[in-house]
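Visitor: Below you'll find the structure I mean.
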Amino acid sequence: MARQRLSDRVAAARAERAARLALRRRREVEAREGARVLVDGRQLLSFCSNDYLGLGQHLDVVAALQEAAAWHGLGSTGSPAVSGHHGEHAAFEREMAQWLGYPRALLLGSGYLANLAVLQSLLREGDVCVQDKLNHACLIDGARLSGAELKRYPHLDVEAALRQLMSRRDGAAILATDGVFSMDGDSAPLADLALVARAQGATLFVDDAHGIGVLGPDGRGSVAAAGLGPREVPLLLLPLGKAFGGQGAVLLGPEDLVGHVAETARPYLYSTAPAPAMAAAMRASLRLIRGQAWRRAKLASLVARFRRGAAALGLPLQESFTPIQPLLLGENRRALEVAAALEERGYLVAAIRPPTVPEGQARLRITLSVDHSEADVDGLLAALAEAVKPPTRPVTI
Ligand SMILES: Cc1ncc(COP(=O)(O)O)c(C=O)c1O
């Protein structure tokens with residue numbers, strides 16, 4: 001058999017993606033002030049950022065980063081087990097563990113990396129990892145990397161999760177779910193999943209990337225919002241690129257499991273530790289999350305305003321009460337057309353297409369932020385009323 005040329009292969013794959021209107025293009029953000037962004041030379045109002053609480057540009061957070069960088073330099077100088085674990089990391093880990101009532105916390109470089117690390121180090125061949133079908137890609141990839149059997153149950157279907165756990169009684173089991181689903185904005189039925197996990201001797205692992213800071217008392221996320229804690233949800237992952245406005249992820253759990261990840265997870269051990277200054281900035285974010293409840297109240301009122309307005313316009317809203325408000329449009333072409341029509345009117349909302357979402361479920365993933373005003377939300381609704389009408393011009397991407 002003749003050897004394939006990689007460039008032929010990628011050209012064919014790209015042509016196939018182009019035919020499906022599935023090409024992806026990066027937009028260049030030249031400047032940002034809150035939700036106002038300068039993108040490819042145009043001033044737009046963004047409704048697709050994950051900076052839900054508006055902390056990414058908060059003076060305290062930026063000052064903490066600058067000050068720590070001035071003292072310690074930028075890079076961490078090595079992987080955590082060599083020279084990269086810094087006092088700033090340790091202080092942030094202690095504060096996170098204390099805030100959420102877990103015995104131990106571990107700071108990792110990103111949410112994606114953290115999910116690979118957790119599942120790869122805790123599971124092995126002969127184990128089972130049961131997951132919601134709409135879990136984030138990194139949970140799925142982590143289970144694949146672990147060698148455990150991956151079983152995916154229909155979205156939010158607790159009984160199916162139970163059946164899948166019951167069908168494999170040997171080996172260890174992790175039941176893993178997003179707290180808030182990243183492309184749908186709805187919440188996992190955590191109380192019921194906790195019961196199932198307990199009954200089946202499985203460990204419940206929640207990735208609360210989109211719930212932490214936003215939901216629950218004190219912003220403690222989906223787990224606290226469901227009235228649960230470390231007993232019911234032994235493993236909790238909190239990516240910091242959303243409401244914390246930074247970068248990295250914190251794993252929380254019992255000493256033994258988190259310690260095992262710290263000592264054995266390849267994505268943790270063989271990667272440079274995050275910048276100490278980022279950990280310092282995340283400590284400042286944590287103080288604001290805990291101390292400024294008005295941010296959550298404002299966000300909730302913007303979400304309610306958007307939902308009222310969208311319902312009045314007859315827009316196809318999803319069952320989401322979080323800042324993620326997807327507008328399901330179906331085909332890729334339709335999602336791209338509506339996104340382009342919004343952009344003409346000054347709004348940046350990315351069209352999300354497969355494989356990020358299932359086939360035929362392309363959508364606009366609208367996200368709200370404390371950086372928006374009520375007038376901004378009303379403006380978006382007025383633009384949507386126009387943009388969702390049938391298109392007058394063909395779309396280009
Ligand atoms: C649920 C969920 N987990 C993990 C991640 C990945 O986190 P990070 O961006 O820090 O890699 C994301 C999105 O980015 C997410 O939505």
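Chain labels A, B, ... are given in the sequence in which chains occur in the structure tokens; within each chain residues are numbered consecutively from 1, and ligands are likewise numbered from 1 in the order shown.
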Counting only C-alpha atoms and all ligand atoms, what are the residues, protein, DNA or RNA alike, that approach ligand 1 to within 7 Å? I want them as a count of residues only.
Guide: 20
Visitor: Can you tell me, as a count of residues only, which residues in region 35-218 of chain A count as strand (DSSP E) by DSSP?
Guide: 35
Visitor: Would you list, as a PyMOL selection string, the residues of region 134-334 of chain A that end up in alpha helix (DSSP H) under DSSP run on this structure's backbone?
Guide: chain A and resi 137-146+158-166+190-200+221-225+255-264+266-269+276-291+293-312+332-334
Visitor: Might you pull out every residue within 8 Å of region 143-158 of chain A, with only C-alpha atoms counted and same-chain residues fewer than 6 positions away left off, and present them as a list in words?
Guide: Leu116, Leu119, Gln120, Ser121, Leu122, Leu123, Arg124, Glu125, Gly126, Asp127, Val128, Cys129, Val130, Gln131, Asp132, Lys133, Leu134, Gln164, Ala188, Pro189, Asp192, Leu193 and Val196 of chain A
Visitor: I need the chosen residues saved as a compact mmCIF listing (two decimals), in the first residue's frame, with N, CA and C atoms.
Guide:
```txt
# COMPACT_ATOMS: atom_id res chain seq x y z
N LEU A 116 -8.22 15.39 31.54
CA LEU A 116 -7.35 14.29 31.09
C LEU A 116 -6.60 13.72 32.29
N LEU A 119 -9.00 11.63 34.93
CA LEU A 119 -9.52 10.34 34.47
C LEU A 119 -8.39 9.40 34.11
N GLN A 120 -7.33 9.95 33.54
CA GLN A 120 -6.21 9.09 33.16
C GLN A 120 -5.51 8.52 34.39
N SER A 121 -5.44 9.30 35.45
CA SER A 121 -4.67 8.78 36.60
C SER A 121 -5.54 7.92 37.53
N LEU A 122 -6.86 8.17 37.59
CA LEU A 122 -7.68 7.41 38.53
C LEU A 122 -8.28 6.14 37.94
N LEU A 123 -8.46 6.11 36.63
CA LEU A 123 -9.08 4.94 36.00
C LEU A 123 -8.07 4.14 35.19
N ARG A 124 -8.39 2.88 34.96
CA ARG A 124 -7.54 2.05 34.11
C ARG A 124 -8.41 1.00 33.43
N GLU A 125 -7.80 0.21 32.59
CA GLU A 125 -8.52 -0.84 31.89
C GLU A 125 -9.26 -1.72 32.90
N GLY A 126 -10.49 -2.11 32.54
CA GLY A 126 -11.27 -2.92 33.47
C GLY A 126 -12.24 -2.08 34.31
N ASP A 127 -12.04 -0.73 34.32
CA ASP A 127 -12.95 0.18 35.03
C ASP A 127 -14.01 0.69 34.06
N VAL A 128 -14.96 1.44 34.61
CA VAL A 128 -15.98 2.03 33.74
C VAL A 128 -16.13 3.51 34.08
N CYS A 129 -16.35 4.31 33.02
CA CYS A 129 -16.61 5.74 33.22
C CYS A 129 -17.94 6.05 32.54
N VAL A 130 -18.93 6.38 33.33
CA VAL A 130 -20.28 6.63 32.81
C VAL A 130 -20.47 8.15 32.73
N GLN A 131 -20.90 8.62 31.56
CA GLN A 131 -20.95 10.06 31.33
C GLN A 131 -22.22 10.48 30.60
N ASP A 132 -22.69 11.69 30.88
CA ASP A 132 -23.77 12.30 30.10
C ASP A 132 -23.28 12.50 28.66
N LYS A 133 -24.17 12.25 27.72
CA LYS A 133 -23.80 12.34 26.31
C LYS A 133 -23.33 13.73 25.91
N LEU A 134 -23.82 14.76 26.62
CA LEU A 134 -23.44 16.13 26.26
C LEU A 134 -22.30 16.68 27.12
N GLN A 164 -26.46 1.80 33.20
CA GLN A 164 -25.09 1.62 32.69
C GLN A 164 -24.13 1.23 33.81
N ALA A 188 -27.16 19.72 35.38
CA ALA A 188 -27.25 18.27 35.60
C ALA A 188 -28.10 18.00 36.84
N PRO A 189 -28.84 16.89 36.85
CA PRO A 189 -29.64 16.52 38.03
C PRO A 189 -28.73 15.93 39.11
N ASP A 192 -29.94 13.55 42.10
CA ASP A 192 -30.28 12.18 41.68
C ASP A 192 -29.03 11.41 41.25
N LEU A 193 -28.14 12.07 40.57
CA LEU A 193 -26.90 11.39 40.16
C LEU A 193 -26.10 10.96 41.38
N VAL A 196 -27.56 7.77 42.70
CA VAL A 196 -27.19 6.65 41.83
C VAL A 196 -25.74 6.24 42.07
```
Visitor: For CA of Arg345 (chain A) and CA of Ser46 (chain A), quote the distance in Å rounded to one decimal.
Guide: 11.7 Å
Visitor: Taking only C-alpha atoms into account, which of A:His86, A:Phe306, A:Leu107, A:Leu237 comes nearest Leu74 (chain A)?
Guide: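 Closest residue, counting only C-alpha atoms: A:His86.
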Visitor: Any idea what's packed within 7 Å of region 311-323 of chain A, counting only C-alpha atoms, ignoring anything in its chain fewer than 2 positions away? Could you give it as a ChimeraX atom specification?
Guide: /A:185-186,303,307-309,325-328,367-368,385
Visitor: Restricting it to N, CA, C and O atoms, dump the selection as a CSV table (one decimal), in the first residue's frame.
Guide:
```csv
chain,number,residue,atom,x,y,z
A,185,GLY,N,-26.5,25.1,28.5
A,185,GLY,CA,-26.8,26.0,29.6
A,185,GLY,C,-27.7,25.4,30.7
A,185,GLY,O,-28.0,26.0,31.7
A,186,ASP,N,-28.1,24.1,30.5
A,186,ASP,CA,-29.0,23.5,31.5
A,186,ASP,C,-28.1,22.8,32.6
A,186,ASP,O,-26.9,22.7,32.4
A,303,VAL,N,-30.3,37.7,32.8
A,303,VAL,CA,-30.8,36.4,32.2
A,303,VAL,C,-32.3,36.4,32.1
A,303,VAL,O,-32.9,36.1,31.0
A,307,ARG,N,-34.6,36.3,28.7
A,307,ARG,CA,-35.6,35.2,28.5
A,307,ARG,C,-37.0,35.8,28.2
A,307,ARG,O,-37.7,35.3,27.4
A,308,ARG,N,-37.3,36.8,29.0
A,308,ARG,CA,-38.7,37.4,28.8
A,308,ARG,C,-38.8,38.0,27.4
A,308,ARG,O,-39.7,37.7,26.7
A,309,GLY,N,-37.7,38.7,27.0
A,309,GLY,CA,-37.7,39.3,25.7
A,309,GLY,C,-37.8,38.3,24.6
A,309,GLY,O,-38.5,38.5,23.6
A,325,GLN,N,-27.5,31.0,27.1
A,325,GLN,CA,-28.8,31.0,26.5
A,325,GLN,C,-28.7,30.6,25.0
A,325,GLN,O,-28.7,31.5,24.1
A,326,PRO,N,-28.7,29.3,24.7
A,326,PRO,CA,-28.5,28.9,23.3
A,326,PRO,C,-29.8,29.2,22.5
A,326,PRO,O,-30.9,29.0,23.0
A,327,LEU,N,-29.6,29.5,21.2
A,327,LEU,CA,-30.8,29.7,20.3
A,327,LEU,C,-30.6,28.6,19.3
A,327,LEU,O,-29.7,28.7,18.4
A,328,LEU,N,-31.4,27.6,19.3
A,328,LEU,CA,-31.2,26.4,18.4
A,328,LEU,C,-31.7,26.8,17.0
A,328,LEU,O,-32.8,27.2,16.9
A,367,THR,N,-24.2,34.3,25.4
A,367,THR,CA,-23.9,34.3,26.9
A,367,THR,C,-24.0,35.7,27.4
A,367,THR,O,-23.6,36.7,26.7
A,368,LEU,N,-24.5,35.8,28.6
A,368,LEU,CA,-24.7,37.1,29.2
A,368,LEU,C,-23.6,37.3,30.3
A,368,LEU,O,-23.1,36.3,30.8
A,385,ALA,N,-34.6,40.0,16.6
A,385,ALA,CA,-35.9,40.0,16.0
A,385,ALA,C,-35.7,40.1,14.4
A,385,ALA,O,-36.4,39.5,13.6
```
Visitor: Please identify all polymer residues within 12 Å of Ala69 (chain A), counting only C-alpha atoms, omitting same-chain residues fewer than 5 positions from it, and present them as an MDAnalysis selection string.
Guide: chainID A and resid 62:64 74:76 88 275:281
Visitor: Measuring between only C-alpha atoms, which one of A:Leu106, A:Ala176, A:Ala97, A:Ala114 shows the shortest distance to Gly229 (chain A)?
Guide: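 That would be A:Ala97, the residue with the smallest distance to Gly229 (chain A).
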Visitor: Quick check, in Å to one decimal: how far apart do CA of Arg295 (chain A) and CA of Val377 (chain A) lie?
Guide: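 Going from CA of Arg295 (chain A) over to CA of Val377 (chain A), I get 16.1 Å.
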Visitor: One decimal, Å: what's the distance from CA of Ala197 (chain A) over to CA of His260 (chain A), could you say?
Guide: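 Spanning CA of Ala197 (chain A) to CA of His260 (chain A) is a straight-line distance of 21.0 Å.
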Visitor: For a quick check of understanding, using only C-alpha atoms, which of A:Arg305, A:Leu38, A:Ala340, A:Leu100 has the smallest distance to Asp378 (chain A)?
Guide: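 That would be A:Arg305, the residue with the smallest distance to Asp378 (chain A).
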